[in-house]
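Input: a single structure, listed below in structure tokens.
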Amino acid sequence: QVQLVESGGDSVQAGGSLRLSCAASGYIFSYRCMGWFRRAPGKEREEVARIYTPFGATKYTDSVQGRFTISRDNAKPTVYLQMNSLKPEDTAMYYCAAVGGPVYAGSQCFSANFAEWGQGTQVTVTW
């Protein structure tokens, strides 16, 4: 059974940094498409970033481009989200997600829907 466990959420001041981690288990991590999403109070869930694990190809939503970095360690296996220059509007519950089943092309990863979800970790950014 696939299990995704997030950690690293915290309360920080604007301009600060956090690194979120997502430990994956229950399936082979190679040839996977992994992502980070967030849901702010009163808003719909938003995709933040996704990564194709074999080659590390990435995709970001415009609002975090240049501030956030998604990465992976296939040996652990874990996906990270490094968040720099945090803003109050980044406040949200952050979720790790995985596309169900192996993915054999980056283009497939970047258009796929996510099927597996973690429980989330809270990030709060204040002035």
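Chains: A, B, ... in order of the structure tokens. Residues: from 1 per chain. Ligands: from 1, in order shown.
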Inset, instruction - Skip A:Tyr104 itself and residues of its chain fewer than 4 positions away, then list as a list in words all residues within 8 Å of it, counting only C-alpha atoms. - result: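 Here the answer would be Tyr31, Arg32 and Gln108 of chain A.
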Inset, instruction - Extract the full set of alpha helix (DSSP H) residues from stretch 49-115 of chain A according to DSSP on the backbone, and format it as a PyMOL selection string. - result: chain A and resi 106-109
Only all heavy atoms, please: the residues just picked out, written as a PDB file, in the first residue's frame.
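Heads up, here's the output in selection.pdb:
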```pdb
ATOM      1  N   GLY A 106       8.559  12.004 -19.241  1.00  0.00           N
ATOM      2  CA  GLY A 106       8.337  13.253 -18.529  1.00  0.00           C
ATOM      3  C   GLY A 106       7.080  13.954 -18.982  1.00  0.00           C
ATOM      4  O   GLY A 106       6.351  14.524 -18.180  1.00  0.00           O
ATOM      5  N   SER A 107       6.796  13.906 -20.269  1.00  0.00           N
ATOM      6  CA  SER A 107       5.597  14.554 -20.790  1.00  0.00           C
ATOM      7  C   SER A 107       4.341  13.943 -20.185  1.00  0.00           C
ATOM      8  O   SER A 107       3.357  14.646 -19.934  1.00  0.00           O
ATOM      9  CB  SER A 107       5.564  14.442 -22.314  1.00  0.00           C
ATOM     10  OG  SER A 107       5.628  13.078 -22.714  1.00  0.00           O
ATOM     11  N   GLN A 108       4.392  12.656 -19.941  1.00  0.00           N
ATOM     12  CA  GLN A 108       3.262  11.981 -19.299  1.00  0.00           C
ATOM     13  C   GLN A 108       3.121  12.455 -17.867  1.00  0.00           C
ATOM     14  O   GLN A 108       2.014  12.662 -17.376  1.00  0.00           O
ATOM     15  CB  GLN A 108       3.464  10.471 -19.348  1.00  0.00           C
ATOM     16  CG  GLN A 108       2.322   9.666 -18.758  1.00  0.00           C
ATOM     17  CD  GLN A 108       2.596   8.175 -18.773  1.00  0.00           C
ATOM     18  OE1 GLN A 108       3.633   7.718 -19.227  1.00  0.00           O
ATOM     19  NE2 GLN A 108       1.649   7.405 -18.252  1.00  0.00           N
ATOM     20  N   CYS A 109       4.238  12.612 -17.203  1.00  0.00           N
ATOM     21  CA  CYS A 109       4.210  13.091 -15.809  1.00  0.00           C
ATOM     22  C   CYS A 109       3.549  14.454 -15.733  1.00  0.00           C
ATOM     23  O   CYS A 109       2.734  14.712 -14.851  1.00  0.00           O
ATOM     24  CB  CYS A 109       5.631  13.148 -15.254  1.00  0.00           C
ATOM     25  SG  CYS A 109       5.786  13.989 -13.664  1.00  0.00           S
TER      26      CYS A 109
END
```
Inset, instruction - Find the distance between atom CA of A:Gly35 and atom CA of A:Asp62 and write it in Å to one decimal. - result: 15.0 Å
What lies within 7 Å of A:Trp117 using only C-alpha atoms, ignoring chain neighbours under 2 positions off, as a PDB file with C-alpha atoms, in the first residue's frame?
```
ATOM      1  CA  LEU A   4       3.187   9.317   1.739  1.00  0.00           C
ATOM      2  CA  TYR A  95       0.216  17.908   0.574  1.00  0.00           C
ATOM      3  CA  CYS A  96       2.511  15.440  -1.111  1.00  0.00           C
ATOM      4  CA  ALA A  97       1.020  13.440  -3.964  1.00  0.00           C
ATOM      5  CA  ALA A  98       1.951  10.691  -6.382  1.00  0.00           C
ATOM      6  CA  ALA A 115      -3.974   9.436  -7.229  1.00  0.00           C
ATOM      7  CA  GLN A 119      -2.084  13.790   5.182  1.00  0.00           C
TER       8      GLN A 119
END
```
Legend entry - Counting only C-alpha atoms, the option among A:Met34, A:Ile28, A:Ala23, A:Met93 closest to A:Gln3: A:Ala23
Legend entry - Selected residue, from A:Ala75, A:Val2, A:Leu81, A:Ala49, that lies nearest to A:Cys22 when counting only C-alpha atoms: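 Smallest separation from A:Cys22 among the options: A:Leu81.
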Legend entry - From A:Pro41, A:Gly26, A:Gly56, A:Gly66, residue lying nearest A:Thr124 [only C-alpha atoms]: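 When distances to A:Thr124 are compared using only C-alpha atoms, the smallest one comes from A:Pro41.
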Legend entry - Closest of A:Thr126, A:Phe110, A:Lys76, A:Arg39 to A:Ser25 - atom-to-atom distances counting only C-alpha atoms: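 That would be A:Lys76, the residue with the smallest distance to A:Ser25.
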